[in-house]
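Novice: So that we are looking at the same thing, I have put the structure below in structure tokens.
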Amino acid sequence: MIQHSLLTPSQLADAAPRLWTNDREARMRPASVHDDAVDAAEDRLKRAHGLLQRLFPALAALRHPLRSPLLPADALAKMLGAAPEATGRWLTKCDHRLPVAGSVKARGGFHEVIAFAERVASENGLIGEGAELSPLAGSQARALFARHSVVVGSTGNLGMSIGLVAAALGFRAVVHMSRDAKAWKKARLRAHGAEVVEHSGDYARAVATGRAAAEADPFAHFVDDEQSLDLFVGYAAAARELAEQLAEQGIGIDAEHPLFVYIPCGVGGAPGGITYGLKRLFGPHVHCFFAEPVQSPCMLVQMLADNDDGLTVYDVGLTNRTEADGLAVGQASMLVAPLMRDRLAGIYTVTDDQLFALLRAGSDALSLGLEPSAAAALAGPLFLTQTGAGRAYLEAWGGRDRLARATHILWTTGGSLVPDDERARYLARAAATPFELLAR
Ligand SMILES: *Cc1c(COP(=O)(O)O)cnc(C)c1O
């Protein structure tokens, strides 16, 4: 038993960076819950290749329009002071380079909108079940979709993913955002034909208002970031993509060659879906860690509370204020949290200063163009190998000698769409921040 599970939610009020590990992570492959829905999502996204290529010229030449690169990151390991020969192989899963949406939200968001479009088209006799979906870009489908709207509440990237594909299909796309969401994200959405509705108050307010507006309209589909299974299983499709890329690179995953994955977490849908998918494929040989800002550790609060009451970060005295706008979420998804109780390996938290230091390290070592949220992934292997909690976890899972044969995946979830002046500001802030990753 690993004793730091003694951590209580109220202790998070100190806003200190830390690693919590989950002593309930299952030693066997977890029971299937949504496996059929994940299979259906993988199939739907395959059937949508031609459709996406018709909708977005940037995808036309790609063999895999929704696949992000898996690239070596040993140079980053060295820059952060970790020896690859001792800690294993480091790779980045570069969702920040996903075309069109520019973030991890692409698979989930595109899947949800395409599933809705397929449903509307098939109810109206335009396509049959299991059909190839490129006819959804045709004029008949467009005329039909123009009578429907797709509504979403978002801190930014989800709105971008949903808004862009919904508008491209001809839906009226309405994105509810909090007023403090990044201005450039709102501008880009508007430039692509989506309506942006701004709200004072936090992200949960934007979501609630969007939901209420959509429920009052029978031709509106509300994309529910907290509850949507279509989003979740779309995210989960990333697991097979990663498994294929590992196989292509000759990297086997088994008891002697474990896989460690580090994913930034907001409401939990994206990292939860990926974790669900990976546990399904690799069982106990994959260990998934989430990264959250110290002021917004909503999933960690949920894991520690260990009930379904929906405790928030405000309840434990935190502000939910962070530059990591994709992760600034006060309450975790209650669809996802219960699924993580026996699947998650752990959660670590980082300060905003650490995020900017990591962002700069990623830029210097690997030329990664990340947004602060995504930079949270880069600290994962250090928390695992350089903290007491991490070392205890490694001992409990078969000793440190397995570590040298491990593969670490840093999931860089967003950033390629960040405008140049914003990126320069990030790097300037990082330059003014002392590089001290693990102060404790
Ligand atoms: C949304 C987002 C996440 C986290 O996804 P959730 O589903 O909110 O947990 C991580 N990184 C970036 C860049 C994001 O936009």
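The chains in the structure tokens are called A, B, ... from first to last as shown; in each chain the residues are counted from 1, and the ligands are counted from 1 in the order shown.
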If we count only C-alpha atoms, what is near range 161-165 of chain A at a cut-off of 8 Å, once residues fewer than 3 positions away on the same chain are taken out, given as number ranges by chain?

Specialist: A: 100-101, 105-106, 109-110, 113, 150, 152, 157-158, 168-169, 173-175, 189, 192-194

Novice: Could you take the residues named above and write them with all heavy atoms, as a compact mmCIF listing (two decimals), in the first residue's frame?

Specialist:
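Result file is out-v9.txt:
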# COMPACT_ATOMS: atom_id res chain seq x y z
N VAL A 100 -6.30 21.79 -38.35
CA VAL A 100 -7.63 22.41 -38.20
C VAL A 100 -7.92 22.82 -36.76
O VAL A 100 -8.02 24.00 -36.46
CB VAL A 100 -8.77 21.52 -38.73
CG1 VAL A 100 -10.11 22.25 -38.55
CG2 VAL A 100 -8.56 21.15 -40.19
N ALA A 101 -8.05 21.87 -35.84
CA ALA A 101 -8.44 22.22 -34.47
C ALA A 101 -7.24 22.54 -33.59
O ALA A 101 -7.38 23.23 -32.58
CB ALA A 101 -9.26 21.10 -33.84
N LYS A 105 -8.67 18.23 -28.66
CA LYS A 105 -10.13 18.28 -28.81
C LYS A 105 -10.58 17.83 -30.20
O LYS A 105 -11.78 17.65 -30.42
CB LYS A 105 -10.66 19.69 -28.58
CG LYS A 105 -10.36 20.27 -27.22
CD LYS A 105 -11.05 19.49 -26.13
CE LYS A 105 -11.03 20.21 -24.78
NZ LYS A 105 -9.70 20.67 -24.36
N ALA A 106 -9.66 17.67 -31.14
CA ALA A 106 -10.06 17.35 -32.51
C ALA A 106 -10.84 16.03 -32.56
O ALA A 106 -11.95 15.99 -33.10
CB ALA A 106 -8.84 17.28 -33.42
N GLY A 109 -14.25 16.21 -30.45
CA GLY A 109 -15.17 17.21 -31.00
C GLY A 109 -15.65 16.83 -32.39
O GLY A 109 -16.86 16.90 -32.68
N PHE A 110 -14.74 16.42 -33.24
CA PHE A 110 -15.14 16.03 -34.59
C PHE A 110 -16.07 14.81 -34.51
O PHE A 110 -17.06 14.73 -35.22
CB PHE A 110 -13.92 15.70 -35.46
CG PHE A 110 -13.14 16.91 -35.90
CD1 PHE A 110 -13.28 18.13 -35.25
CD2 PHE A 110 -12.25 16.83 -36.96
CE1 PHE A 110 -12.55 19.26 -35.65
CE2 PHE A 110 -11.52 17.94 -37.38
CZ PHE A 110 -11.66 19.15 -36.71
N VAL A 113 -19.69 15.87 -33.44
CA VAL A 113 -20.45 16.61 -34.46
C VAL A 113 -20.78 15.69 -35.65
O VAL A 113 -21.89 15.72 -36.19
CB VAL A 113 -19.67 17.87 -34.92
CG1 VAL A 113 -20.40 18.54 -36.08
CG2 VAL A 113 -19.53 18.84 -33.76
N VAL A 150 -25.60 23.60 -33.58
CA VAL A 150 -24.76 22.85 -32.65
C VAL A 150 -24.25 23.86 -31.64
O VAL A 150 -23.66 24.88 -32.02
CB VAL A 150 -23.59 22.16 -33.39
CG1 VAL A 150 -22.64 21.53 -32.39
CG2 VAL A 150 -24.12 21.11 -34.37
N VAL A 152 -22.22 24.70 -27.88
CA VAL A 152 -21.24 24.16 -26.93
C VAL A 152 -20.78 25.26 -25.98
O VAL A 152 -20.75 26.44 -26.34
CB VAL A 152 -20.02 23.55 -27.69
CG1 VAL A 152 -19.27 24.60 -28.50
CG2 VAL A 152 -19.08 22.83 -26.74
N ASN A 157 -10.59 25.55 -26.60
CA ASN A 157 -10.25 24.58 -27.63
C ASN A 157 -11.40 23.67 -28.01
O ASN A 157 -11.51 23.27 -29.18
CB ASN A 157 -9.05 23.73 -27.19
CG ASN A 157 -7.76 24.54 -27.26
OD1 ASN A 157 -7.69 25.54 -27.95
ND2 ASN A 157 -6.75 24.09 -26.52
N LEU A 158 -12.27 23.33 -27.08
CA LEU A 158 -13.41 22.50 -27.46
C LEU A 158 -14.32 23.28 -28.40
O LEU A 158 -14.79 22.76 -29.41
CB LEU A 158 -14.20 22.04 -26.22
CG LEU A 158 -15.40 21.15 -26.57
CD1 LEU A 158 -14.94 19.82 -27.17
CD2 LEU A 158 -16.29 20.90 -25.36
N ALA A 168 -18.35 24.17 -40.77
CA ALA A 168 -17.95 23.63 -42.09
C ALA A 168 -19.02 22.72 -42.67
O ALA A 168 -19.20 22.65 -43.89
CB ALA A 168 -16.61 22.89 -41.97
N LEU A 169 -19.75 22.02 -41.82
CA LEU A 169 -20.82 21.14 -42.31
C LEU A 169 -22.08 21.92 -42.67
O LEU A 169 -23.00 21.37 -43.27
CB LEU A 169 -21.16 20.09 -41.25
CG LEU A 169 -20.24 18.87 -41.17
CD1 LEU A 169 -20.41 18.17 -39.82
CD2 LEU A 169 -20.49 17.91 -42.32
N ALA A 173 -23.35 27.23 -35.75
CA ALA A 173 -22.47 26.85 -34.64
C ALA A 173 -22.45 27.96 -33.61
O ALA A 173 -22.12 29.10 -33.93
CB ALA A 173 -21.06 26.58 -35.16
N VAL A 174 -22.82 27.64 -32.37
CA VAL A 174 -22.86 28.65 -31.32
C VAL A 174 -21.95 28.20 -30.17
O VAL A 174 -22.14 27.11 -29.61
CB VAL A 174 -24.30 28.83 -30.78
CG1 VAL A 174 -24.34 29.97 -29.77
CG2 VAL A 174 -25.28 29.08 -31.92
N VAL A 175 -20.97 29.03 -29.83
CA VAL A 175 -20.01 28.67 -28.79
C VAL A 175 -20.14 29.64 -27.62
O VAL A 175 -19.95 30.85 -27.78
CB VAL A 175 -18.56 28.70 -29.34
CG1 VAL A 175 -17.59 28.26 -28.26
CG2 VAL A 175 -18.44 27.81 -30.58
N LEU A 189 -12.72 31.70 -34.11
CA LEU A 189 -14.03 31.07 -34.28
C LEU A 189 -14.96 31.94 -35.12
O LEU A 189 -15.61 31.48 -36.05
CB LEU A 189 -14.66 30.82 -32.91
CG LEU A 189 -14.28 29.52 -32.26
CD1 LEU A 189 -14.69 29.52 -30.80
CD2 LEU A 189 -14.94 28.35 -33.00
N HIS A 192 -14.32 31.92 -38.73
CA HIS A 192 -14.73 30.71 -39.44
C HIS A 192 -16.22 30.48 -39.41
O HIS A 192 -16.70 29.38 -39.66
CB HIS A 192 -13.98 29.49 -38.90
CG HIS A 192 -12.55 29.46 -39.34
ND1 HIS A 192 -11.57 30.24 -38.75
CD2 HIS A 192 -11.93 28.79 -40.34
CE1 HIS A 192 -10.43 30.03 -39.36
NE2 HIS A 192 -10.61 29.16 -40.32
N GLY A 193 -16.97 31.51 -39.06
CA GLY A 193 -18.43 31.40 -39.20
C GLY A 193 -19.17 30.92 -37.98
O GLY A 193 -20.37 30.67 -38.05
N ALA A 194 -18.49 30.78 -36.84
CA ALA A 194 -19.20 30.39 -35.62
C ALA A 194 -19.63 31.65 -34.86
O ALA A 194 -19.00 32.69 -34.97
CB ALA A 194 -18.31 29.52 -34.75

Novice: Give me the residues of chain A that have any atom at most 7 Å from an atom of ligand 1; for each, the nearest atom pair and the distance in Å, rounded to one decimal. Use only C-alpha atoms and all ligand atoms, sort by chain and number, and format it as CSV.

Specialist:
residue,atom,partner,partner_atom_place_in_ligand_line,distance
A:Ser103,CA,ligand 1,13 (C),5.8
A:Val104,CA,ligand 1,14 (C),6.2
A:Lys105,CA,ligand 1,1 (C),6.1
A:Gly156,CA,ligand 1,15 (O),6.9
A:Asn157,CA,ligand 1,15 (O),4.6
A:Leu158,CA,ligand 1,1 (C),6.2
A:Pro264,CA,ligand 1,10 (C),4.7
A:Cys265,CA,ligand 1,9 (O),4.0
A:Gly266,CA,ligand 1,9 (O),3.4
A:Val267,CA,ligand 1,8 (O),4.0
A:Gly268,CA,ligand 1,9 (O),3.3
A:Gly269,CA,ligand 1,7 (O),3.5
A:Ala270,CA,ligand 1,7 (O),3.7
A:Pro271,CA,ligand 1,9 (O),5.5
A:Gly326,CA,ligand 1,15 (O),4.2
A:Leu327,CA,ligand 1,4 (C),5.8
A:Glu371,CA,ligand 1,13 (C),6.6
A:Ser373,CA,ligand 1,13 (C),5.0
A:Ala374,CA,ligand 1,13 (C),4.9
A:Thr413,CA,ligand 1,13 (C),4.4
A:Gly414,CA,ligand 1,13 (C),3.9
A:Gly415,CA,ligand 1,13 (C),6.7

Novice: May I ask for the distance between CA of Arg142 in chain A and CA of Leu51 in chain A, given in Å to one decimal place?

Specialist: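 Spanning CA of Arg142 in chain A to CA of Leu51 in chain A is a straight-line distance of 12.5 Å.
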
Novice: Taking only C-alpha atoms into account, which of A:Ala396, A:Ala361, A:Leu370, A:Ala214 comes nearest Arg423 in chain A?

Specialist: A:Leu370

Novice: For Asp420 in chain A, which residue out of A:Asp315, A:Trp184, A:Arg172, A:Met334 is the nearest one, using only C-alpha atoms?

Specialist: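 For Asp420 in chain A, the nearest of the candidates is A:Trp184.
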
Novice: Using only C-alpha atoms, which residue out of A:Asp364, A:Glu244, A:Asp35, A:Asp14 lies closest to Met79 in chain A?

Specialist: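 Going through A:Asp364, A:Glu244, A:Asp35, A:Asp14 one by one, the smallest distance to Met79 in chain A is for A:Asp364.
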
Novice: Pick from A:Leu66, A:Val196, A:Ala183, A:Leu278: nearest to Leu45 in chain A, with only C-alpha atoms counted?

Specialist: A:Leu66

Novice: Could you please write out, as a ChimeraX atom specification, every residue of range 172-250 of chain A that DSSP assigns to strand (DSSP E)?

Specialist: /A:172-178,195-199,220-223

Novice: With all heavy atoms retained, export the selected residues as a short mmCIF file (atom, residue, chain, number, x, y, z; two decimals), in the first residue's frame.

Specialist:
data_model
loop_
_atom_site.label_atom_id
_atom_site.label_comp_id
_atom_site.auth_asym_id
_atom_site.auth_seq_id
_atom_site.Cartn_x
_atom_site.Cartn_y
_atom_site.Cartn_z
N ARG A 172 -25.58 25.87 -37.92
CA ARG A 172 -25.35 27.09 -37.16
C ARG A 172 -24.54 26.67 -35.93
O ARG A 172 -24.96 25.80 -35.16
CB ARG A 172 -26.70 27.68 -36.76
CG ARG A 172 -26.57 28.99 -36.07
CD ARG A 172 -27.94 29.60 -35.77
NE ARG A 172 -27.77 30.55 -34.69
CZ ARG A 172 -28.55 30.63 -33.61
NH1 ARG A 172 -29.60 29.82 -33.48
NH2 ARG A 172 -28.29 31.51 -32.68
N ALA A 173 -23.35 27.23 -35.75
CA ALA A 173 -22.47 26.85 -34.64
C ALA A 173 -22.45 27.96 -33.61
O ALA A 173 -22.12 29.10 -33.93
CB ALA A 173 -21.06 26.58 -35.16
N VAL A 174 -22.82 27.64 -32.37
CA VAL A 174 -22.86 28.65 -31.32
C VAL A 174 -21.95 28.20 -30.17
O VAL A 174 -22.14 27.11 -29.61
CB VAL A 174 -24.30 28.83 -30.78
CG1 VAL A 174 -24.34 29.97 -29.77
CG2 VAL A 174 -25.28 29.08 -31.92
N VAL A 175 -20.97 29.03 -29.83
CA VAL A 175 -20.01 28.67 -28.79
C VAL A 175 -20.14 29.64 -27.62
O VAL A 175 -19.95 30.85 -27.78
CB VAL A 175 -18.56 28.70 -29.34
CG1 VAL A 175 -17.59 28.26 -28.26
CG2 VAL A 175 -18.44 27.81 -30.58
N HIS A 176 -20.51 29.12 -26.47
CA HIS A 176 -20.60 29.93 -25.25
C HIS A 176 -19.26 29.88 -24.53
O HIS A 176 -18.76 28.81 -24.23
CB HIS A 176 -21.71 29.40 -24.33
CG HIS A 176 -23.09 29.56 -24.91
ND1 HIS A 176 -23.91 30.61 -24.58
CD2 HIS A 176 -23.77 28.82 -25.82
CE1 HIS A 176 -25.04 30.50 -25.25
NE2 HIS A 176 -24.99 29.42 -26.01
N MET A 177 -18.69 31.06 -24.28
CA MET A 177 -17.37 31.11 -23.63
C MET A 177 -17.41 32.09 -22.47
O MET A 177 -18.21 33.02 -22.46
CB MET A 177 -16.31 31.58 -24.63
CG MET A 177 -16.13 30.62 -25.79
SD MET A 177 -14.96 31.26 -27.01
CE MET A 177 -13.53 30.30 -26.60
N SER A 178 -16.50 31.86 -21.50
CA SER A 178 -16.41 32.84 -20.43
C SER A 178 -15.65 34.05 -20.97
O SER A 178 -14.87 33.94 -21.91
CB SER A 178 -15.70 32.25 -19.22
OG SER A 178 -14.43 31.81 -19.58
N GLU A 195 -20.73 31.55 -34.12
CA GLU A 195 -21.15 32.64 -33.24
C GLU A 195 -20.53 32.42 -31.87
O GLU A 195 -20.59 31.30 -31.35
CB GLU A 195 -22.68 32.64 -33.06
CG GLU A 195 -23.45 33.00 -34.31
CD GLU A 195 -24.94 32.66 -34.15
OE1 GLU A 195 -25.50 32.89 -33.06
OE2 GLU A 195 -25.52 32.15 -35.14
N VAL A 196 -19.98 33.46 -31.27
CA VAL A 196 -19.41 33.35 -29.93
C VAL A 196 -20.26 34.18 -28.99
O VAL A 196 -20.49 35.36 -29.22
CB VAL A 196 -17.95 33.84 -29.91
CG1 VAL A 196 -17.39 33.79 -28.49
CG2 VAL A 196 -17.09 33.01 -30.86
N VAL A 197 -20.75 33.54 -27.92
CA VAL A 197 -21.52 34.25 -26.91
C VAL A 197 -20.66 34.31 -25.65
O VAL A 197 -20.20 33.29 -25.15
CB VAL A 197 -22.84 33.50 -26.59
CG1 VAL A 197 -23.68 34.30 -25.61
CG2 VAL A 197 -23.61 33.21 -27.87
N GLU A 198 -20.43 35.54 -25.15
CA GLU A 198 -19.54 35.68 -24.00
C GLU A 198 -20.32 35.81 -22.69
O GLU A 198 -21.36 36.45 -22.65
CB GLU A 198 -18.63 36.90 -24.18
CG GLU A 198 -17.70 36.72 -25.37
CD GLU A 198 -16.76 37.89 -25.54
OE1 GLU A 198 -16.06 38.22 -24.56
OE2 GLU A 198 -16.74 38.46 -26.63
N HIS A 199 -19.79 35.19 -21.64
CA HIS A 199 -20.45 35.22 -20.33
C HIS A 199 -19.49 35.70 -19.27
O HIS A 199 -18.32 35.33 -19.28
CB HIS A 199 -20.89 33.80 -19.93
CG HIS A 199 -21.89 33.22 -20.86
ND1 HIS A 199 -23.22 33.44 -20.75
CD2 HIS A 199 -21.73 32.44 -21.96
CE1 HIS A 199 -23.87 32.81 -21.71
NE2 HIS A 199 -22.99 32.20 -22.47
N ALA A 220 -31.66 22.15 -31.89
CA ALA A 220 -30.30 22.41 -31.39
C ALA A 220 -29.73 21.15 -30.74
O ALA A 220 -30.44 20.43 -30.05
CB ALA A 220 -30.34 23.55 -30.37
N HIS A 221 -28.47 20.92 -30.98
CA HIS A 221 -27.76 19.83 -30.31
C HIS A 221 -26.72 20.45 -29.39
O HIS A 221 -25.87 21.22 -29.83
CB HIS A 221 -27.08 18.92 -31.34
CG HIS A 221 -26.23 17.86 -30.71
ND1 HIS A 221 -26.77 16.77 -30.06
CD2 HIS A 221 -24.88 17.73 -30.60
CE1 HIS A 221 -25.78 16.01 -29.59
NE2 HIS A 221 -24.64 16.57 -29.90
N PHE A 222 -26.80 20.12 -28.11
CA PHE A 222 -25.86 20.65 -27.14
C PHE A 222 -24.72 19.66 -26.90
O PHE A 222 -24.97 18.50 -26.56
CB PHE A 222 -26.56 20.98 -25.82
CG PHE A 222 -25.63 21.48 -24.77
CD1 PHE A 222 -25.00 22.71 -24.93
CD2 PHE A 222 -25.36 20.74 -23.65
CE1 PHE A 222 -24.12 23.19 -23.97
CE2 PHE A 222 -24.48 21.20 -22.68
CZ PHE A 222 -23.86 22.43 -22.84
N VAL A 223 -23.50 20.11 -27.09
CA VAL A 223 -22.34 19.26 -26.82
C VAL A 223 -21.95 19.47 -25.36
O VAL A 223 -21.49 20.54 -24.97
CB VAL A 223 -21.16 19.63 -27.73
CG1 VAL A 223 -19.95 18.76 -27.40
CG2 VAL A 223 -21.55 19.46 -29.19
#

Novice: Among range 130-185 of chain A, which ones does DSSP place in alpha helix (DSSP H), written as a ChimeraX atom specification?

Specialist: /A:139-145,157-169,183-185

Novice: List as a PyMOL selection string the protein and nucleic acid residues near range 283-293 of chain A, meaning an atom at most 9 Å away when only C-alpha atoms are counted, but skip any in the same chain fewer than 5 places from it.

Specialist: chain A and resi 15+17+21+25-30+253-266+268+271-272+274-275+278+298-300+320-324+327-328+343-352+355+373+376-377+379-380

Novice: Which is closest to Met160 in chain A among A:Arg190, A:Pro84, A:Ala213, A:Ala16, if we use only C-alpha atoms?

Specialist: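 Of A:Arg190, A:Pro84, A:Ala213, A:Ala16, the one nearest Met160 in chain A is A:Arg190, counting only C-alpha atoms.
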